[in-house]
Amino acid sequence: MLPTYLSRRLFGLLAAAGLAAATMGAAHAQKTIEMRYGHMNPPNSAAGQQAQWLAEEIGKRTNGQVKVTVYPSSQLGKLQELAEAVSTGTIALSHNTAAGIGSLHEPFAALDTPYLYRDVDHLMKVMDVGSPVMKKLNEGLVKDAGVRVLYAYYFGTRHLTTNKAVKQPGDLAGLKIRAIPFPIYMTTVEAMGAVPVPVDWSEVPTALATGKVNGQENPVNVVLSSKLYETQSHLMQTGHIMNAQVIVINEKAWQNLTPAQRDQLSAAAAEVRRKATEMVRSQEASETEELKKNKMIIVGPAEGLNLVAFRTNVRKAVDQKFGAKYGEMYKAIEAVR
């Protein structure tokens with residue numbers, strides 16, 4: 001048995017050590033984790049707005065323990081560079097098309113196949129991180145590239161813009177149309193009847209203004225927010241690709257979070273996914289009307305647009321090039337109800 005004075009001293013030392021450990025633990029728990037979110041879109045676009053919402057929602061739900069700073073408009077790199085930067089950990093977060101994520105894990109590109117989904121609800125069920133399709137893809141993405149999908153929201157349905165009315169594939173003969181520089185987009189534009197030209201999004205306005213390309217394809221939100229009506233006179237409602245924008249996070253950054261913080265980020269992601277999807281869906285009609293006010297001519301089936309011809313040509317070309325590779329995934333996507 002220790003003398004009284006030694007017992008008191010030992011108790012004091014243990015108490016002090018315990019207090020120091022508790023203080024260090026509290027300091028560690030409260031340490032701010034900083035993450036950079038880089039993307040290619042302007043801040044006023046739907047993509048830009050949802051990125052900022054995510055940063056705000058994460059800050060709120062983590063009580064400031066995780067701080068996300070958003071860098072829009074290709075400040076941190078071009079489309080492919082941003083995807084690679086998340087993989088290497090240079091930045092923590094970004095968003096891209098599914099085909100863009102396919103540059104990190106090839107099967108992801110199948111999600112951007114033209115004329116694939118029954119409707120927006122079908123698309124969003126497939127793109128839910130909990131769907132069988134997305135779970136399998138996410139496992140491969142983590143393994144191949146050290147990147148995981150945080151969430152995906154409805155980006156919009158892609159349409160064609162040019163400086164003349166286009167009603168059937170033959171009308172695009174010889175026209176150079178900007179295509180996202182990934183195989184499934186290049187194939188789609190070529191099958192529509194045009195000459196696909198790979199151009200990074202950051203260079204598109206200049207390419208249109210200088211005549212490097214004669215047109216491009218994007219949802220109406222992008223056409224409006226980027227003021228493409230200033231260089232393009234017609235929008236054809238081809239609706240060839242129903243898109244979800246995929247938000248990804250570096251896997252090491254994800255694993256460095258506490259379980260509670262990962263839950264908070266997942267909750268923030270679910271809220272932003274819901275809010276952004278609702279915004280895009282609700283505004284597509286009004287944004288089309290806004291394009292009309294800016295003197296853009298809308299060409300749809302009522303104006304003679306032959307959707308059957310576009311759909312037939314595109315699906316045939318895509319099936320020939322990608323059917324064997326993605327056939328099983330197409331069946332899994334079709335099975336999602």
# chains A, B, ... in the order shown; residues from 1 in each chain; ligands from 1
$ residues_around --residues "stretch 306-319 of chain A" --least-positions-apart "5" --cutoff "8 Å" --atoms "only C-alpha atoms" --output "PyMOL selection string"
chain A and resi 113-115+167-169+184+187-188+191-192+238+240+301+324
$ residues_around --residues "A:Val166" --least-positions-apart "6" --cutoff "8 Å" --atoms "only C-alpha atoms" --output "PyMOL selection string"
chain A and resi 172+236+299+305
$ write_last_selection --atoms "all heavy atoms" --output "PDB file, in the first residue's frame"
ATOM      1  N   LEU A 172     -27.520  17.485 -90.778  1.00  0.00           N
ATOM      2  CA  LEU A 172     -26.281  17.751 -90.043  1.00  0.00           C
ATOM      3  C   LEU A 172     -25.029  17.391 -90.852  1.00  0.00           C
ATOM      4  O   LEU A 172     -23.906  17.580 -90.358  1.00  0.00           O
ATOM      5  CB  LEU A 172     -26.263  16.962 -88.731  1.00  0.00           C
ATOM      6  CG  LEU A 172     -27.133  17.509 -87.603  1.00  0.00           C
ATOM      7  CD1 LEU A 172     -27.228  16.493 -86.469  1.00  0.00           C
ATOM      8  CD2 LEU A 172     -26.584  18.829 -87.089  1.00  0.00           C
ATOM      9  N   MET A 236     -32.690  22.312 -81.191  1.00  0.00           N
ATOM     10  CA  MET A 236     -33.484  21.164 -81.618  1.00  0.00           C
ATOM     11  C   MET A 236     -33.733  20.247 -80.420  1.00  0.00           C
ATOM     12  O   MET A 236     -32.780  19.789 -79.770  1.00  0.00           O
ATOM     13  CB  MET A 236     -32.747  20.373 -82.711  1.00  0.00           C
ATOM     14  CG  MET A 236     -32.976  20.877 -84.122  1.00  0.00           C
ATOM     15  SD  MET A 236     -32.574  22.641 -84.444  1.00  0.00           S
ATOM     16  CE  MET A 236     -30.808  22.669 -84.192  1.00  0.00           C
ATOM     17  N   VAL A 299     -36.980  24.002 -82.208  1.00  0.00           N
ATOM     18  CA  VAL A 299     -37.463  23.064 -83.218  1.00  0.00           C
ATOM     19  C   VAL A 299     -37.749  21.724 -82.543  1.00  0.00           C
ATOM     20  O   VAL A 299     -36.836  21.041 -82.078  1.00  0.00           O
ATOM     21  CB  VAL A 299     -36.435  22.866 -84.354  1.00  0.00           C
ATOM     22  CG1 VAL A 299     -36.966  21.879 -85.393  1.00  0.00           C
ATOM     23  CG2 VAL A 299     -36.082  24.199 -84.998  1.00  0.00           C
ATOM     24  N   LEU A 305     -39.335  18.068 -86.475  1.00  0.00           N
ATOM     25  CA  LEU A 305     -38.163  17.315 -86.028  1.00  0.00           C
ATOM     26  C   LEU A 305     -38.471  15.816 -86.044  1.00  0.00           C
ATOM     27  O   LEU A 305     -39.420  15.365 -85.399  1.00  0.00           O
ATOM     28  CB  LEU A 305     -37.768  17.750 -84.614  1.00  0.00           C
ATOM     29  CG  LEU A 305     -36.512  17.090 -84.031  1.00  0.00           C
ATOM     30  CD1 LEU A 305     -35.264  17.525 -84.798  1.00  0.00           C
ATOM     31  CD2 LEU A 305     -36.365  17.423 -82.560  1.00  0.00           C
TER      32      LEU A 305
END
$ select_by_dssp --residues "stretch 138-249 of chain A" --states "strand (DSSP E)" --output "ChimeraX atom specification"
/A:147-162,176-179,195-198,216-218,234-249
$ residues_around --residues "A:Tyr153" --least-positions-apart "4" --cutoff "7 Å" --atoms "only C-alpha atoms" --output "VMD selection string"
chain A and resid 244 to 246 273 276 to 277
$ atom_distance --atom1 "atom CA of A:Arg178" --atom2 "atom CA of A:Lys293"
24.6 Å
$ residues_around --residues "A:Lys125" --least-positions-apart "4" --cutoff "12 Å" --atoms "only C-alpha atoms" --output "ChimeraX atom specification"
/A:117-121,129-134,151-154,244,332-337
$ residues_around --residues "A:Gln75" --least-positions-apart "4" --cutoff "12 Å" --atoms "only C-alpha atoms" --output "NGL selection string"
:A and (36-43 or 70-71 or 79 or 81-82 or 91 or 94 or 202)
$ write_last_selection --atoms "C-alpha atoms" --output "PDB file, in the first residue's frame"
ATOM      1  CA  ARG A  36     -11.749  21.801 -52.264  1.00  0.00           C
ATOM      2  CA  TYR A  37     -14.587  21.252 -54.755  1.00  0.00           C
ATOM      3  CA  GLY A  38     -13.540  22.099 -58.302  1.00  0.00           C
ATOM      4  CA  HIS A  39     -15.885  22.067 -61.302  1.00  0.00           C
ATOM      5  CA  MET A  40     -16.250  23.421 -64.829  1.00  0.00           C
ATOM      6  CA  ASN A  41     -19.629  25.206 -64.688  1.00  0.00           C
ATOM      7  CA  PRO A  42     -20.437  28.882 -64.012  1.00  0.00           C
ATOM      8  CA  PRO A  43     -21.703  29.651 -60.484  1.00  0.00           C
ATOM      9  CA  VAL A  70     -16.028  25.679 -54.246  1.00  0.00           C
ATOM     10  CA  TYR A  71     -13.944  26.660 -57.281  1.00  0.00           C
ATOM     11  CA  LEU A  79     -13.046  18.297 -67.476  1.00  0.00           C
ATOM     12  CA  GLU A  81      -8.126  17.135 -65.270  1.00  0.00           C
ATOM     13  CA  LEU A  82     -10.792  17.553 -62.600  1.00  0.00           C
ATOM     14  CA  ILE A  91      -8.909  18.116 -54.790  1.00  0.00           C
ATOM     15  CA  SER A  94     -15.870  17.465 -58.197  1.00  0.00           C
ATOM     16  CA  SER A 202     -14.169  25.761 -70.934  1.00  0.00           C
TER      17      SER A 202
END
$ closest_residue --among "A:Pro205, A:Gly300, A:Gly146, A:Gly193" --to "A:Ala92" --atoms "only C-alpha atoms"
A:Gly146
$ atom_distance --atom1 "atom CA of A:Asn163" --atom2 "atom CA of A:Asn221"
18.6 Å
$ select_by_dssp --residues "stretch 100-320 of chain A" --states "helix (DSSP H, G or I)" --output "PyMOL selection string"
chain A and resi 100-101+106-112+120-127+132-145+169-172+183-191+201-210+220-225+228-230+251-255+259-293+301-303+307-320
$ write_last_selection --atoms "C-alpha atoms" --output "short mmCIF file (atom, residue, chain, number, x, y, z; two decimals), in the first residue's frame"
data_model
loop_
_atom_site.label_atom_id
_atom_site.label_comp_id
_atom_site.auth_asym_id
_atom_site.auth_seq_id
_atom_site.Cartn_x
_atom_site.Cartn_y
_atom_site.Cartn_z
CA GLY A 100 -16.43 11.56 -67.60
CA ILE A 101 -16.33 9.31 -64.54
CA GLU A 106 -14.89 2.57 -67.79
CA PRO A 107 -18.28 0.93 -67.05
CA PHE A 108 -19.60 4.25 -65.72
CA ALA A 109 -19.80 5.53 -69.30
CA ALA A 110 -22.73 3.19 -69.96
CA LEU A 111 -24.93 5.42 -67.79
CA ASP A 112 -24.73 8.17 -70.45
CA VAL A 120 -36.42 11.01 -65.33
CA ASP A 121 -37.76 8.90 -62.47
CA HIS A 122 -36.12 5.81 -63.98
CA LEU A 123 -32.85 7.69 -64.40
CA MET A 124 -32.83 8.87 -60.80
CA LYS A 125 -33.62 5.40 -59.43
CA VAL A 126 -30.67 3.98 -61.36
CA MET A 127 -28.39 6.81 -60.22
CA PRO A 132 -27.88 -2.28 -57.42
CA VAL A 133 -26.38 -0.70 -60.53
CA MET A 134 -24.70 2.15 -58.67
CA LYS A 135 -23.46 -0.04 -55.80
CA LYS A 136 -21.57 -2.26 -58.24
CA LEU A 137 -20.19 0.69 -60.19
CA ASN A 138 -19.13 2.46 -57.01
CA GLU A 139 -17.21 -0.59 -55.81
CA GLY A 140 -15.27 -0.64 -59.07
CA LEU A 141 -14.64 3.11 -58.97
CA VAL A 142 -13.22 2.95 -55.44
CA LYS A 143 -11.00 0.01 -56.39
CA ASP A 144 -9.76 1.39 -59.73
CA ALA A 145 -9.40 5.08 -58.96
CA PRO A 169 -29.89 13.45 -89.48
CA GLY A 170 -29.13 14.39 -93.08
CA ASP A 171 -29.42 18.08 -92.19
CA LEU A 172 -26.28 17.75 -90.04
CA PRO A 183 -16.23 7.95 -76.61
CA ILE A 184 -19.98 7.58 -76.03
CA TYR A 185 -20.58 11.29 -76.71
CA MET A 186 -18.41 11.27 -79.83
CA THR A 187 -20.32 8.24 -81.15
CA THR A 188 -23.68 9.86 -80.38
CA VAL A 189 -22.90 13.08 -82.26
CA GLU A 190 -21.54 11.16 -85.24
CA ALA A 191 -24.64 8.93 -85.33
CA TRP A 201 -16.37 22.81 -71.94
CA SER A 202 -14.17 25.76 -70.93
CA GLU A 203 -13.40 26.35 -74.63
CA VAL A 204 -16.91 25.94 -76.05
CA PRO A 205 -18.08 29.60 -76.12
CA THR A 206 -14.93 30.62 -78.00
CA ALA A 207 -15.16 27.62 -80.34
CA LEU A 208 -18.74 28.59 -81.24
CA ALA A 209 -17.90 32.28 -81.66
CA THR A 210 -14.91 31.59 -83.94
CA VAL A 220 -31.50 24.01 -71.71
CA ASN A 221 -30.17 25.17 -68.32
CA VAL A 222 -26.62 25.13 -69.67
CA VAL A 223 -27.62 26.85 -72.92
CA LEU A 224 -29.32 29.61 -70.94
CA SER A 225 -26.84 30.10 -68.09
CA LEU A 228 -25.14 30.16 -75.88
CA TYR A 229 -28.11 31.87 -77.55
CA GLU A 230 -25.68 34.69 -78.36
CA GLU A 251 -11.76 7.92 -51.12
CA LYS A 252 -8.92 8.82 -48.73
CA ALA A 253 -10.67 12.08 -47.88
CA TRP A 254 -13.85 10.09 -47.24
CA GLN A 255 -12.11 7.54 -45.02
CA PRO A 259 -18.27 7.78 -39.07
CA ALA A 260 -20.46 10.61 -37.77
CA GLN A 261 -19.02 13.04 -40.33
CA ARG A 262 -19.55 10.54 -43.15
CA ASP A 263 -23.19 10.25 -42.08
CA GLN A 264 -23.46 14.04 -42.06
CA LEU A 265 -21.99 14.30 -45.56
CA SER A 266 -24.36 11.59 -46.81
CA ALA A 267 -27.31 13.47 -45.32
CA ALA A 268 -26.13 16.70 -46.94
CA ALA A 269 -25.74 14.88 -50.26
CA ALA A 270 -29.27 13.46 -50.10
CA GLU A 271 -30.72 16.90 -49.43
CA VAL A 272 -28.82 18.59 -52.27
CA ARG A 273 -29.67 15.75 -54.68
CA ARG A 274 -33.37 16.24 -53.93
CA LYS A 275 -33.24 20.04 -54.11
CA ALA A 276 -31.15 20.23 -57.31
CA THR A 277 -33.22 17.60 -59.12
CA GLU A 278 -36.46 19.37 -58.25
CA MET A 279 -35.03 22.70 -59.42
CA VAL A 280 -33.84 21.38 -62.79
CA ARG A 281 -37.08 19.49 -63.48
CA SER A 282 -39.31 22.40 -62.52
CA GLN A 283 -37.42 24.98 -64.57
CA GLU A 284 -36.88 23.18 -67.89
CA ALA A 285 -40.09 24.52 -69.45
CA SER A 286 -39.59 28.10 -68.21
CA GLU A 287 -35.94 28.06 -69.32
CA THR A 288 -37.03 26.99 -72.80
CA GLU A 289 -39.42 29.96 -72.85
CA GLU A 290 -36.57 32.21 -71.71
CA LEU A 291 -34.48 31.02 -74.66
CA LYS A 292 -37.35 31.97 -76.96
CA LYS A 293 -37.37 35.46 -75.43
CA PRO A 301 -41.70 17.42 -83.35
CA ALA A 302 -44.41 20.01 -83.97
CA GLU A 303 -41.94 21.89 -86.18
CA LEU A 307 -37.14 12.06 -83.54
CA VAL A 308 -37.66 8.54 -84.83
CA ALA A 309 -34.84 8.97 -87.35
CA PHE A 310 -32.44 10.37 -84.76
CA ARG A 311 -33.32 7.67 -82.23
CA THR A 312 -32.99 4.87 -84.79
CA ASN A 313 -29.60 6.04 -86.09
CA VAL A 314 -28.13 6.71 -82.67
CA ARG A 315 -29.30 3.50 -81.03
CA LYS A 316 -28.00 1.42 -83.95
CA ALA A 317 -24.54 3.03 -83.78
CA VAL A 318 -24.30 2.79 -80.00
CA ASP A 319 -25.41 -0.85 -80.01
CA GLN A 320 -22.80 -1.73 -82.64
#
$ atom_distance --atom1 "atom CA of A:Ala83" --atom2 "atom CA of A:Asn96"
7.4 Å
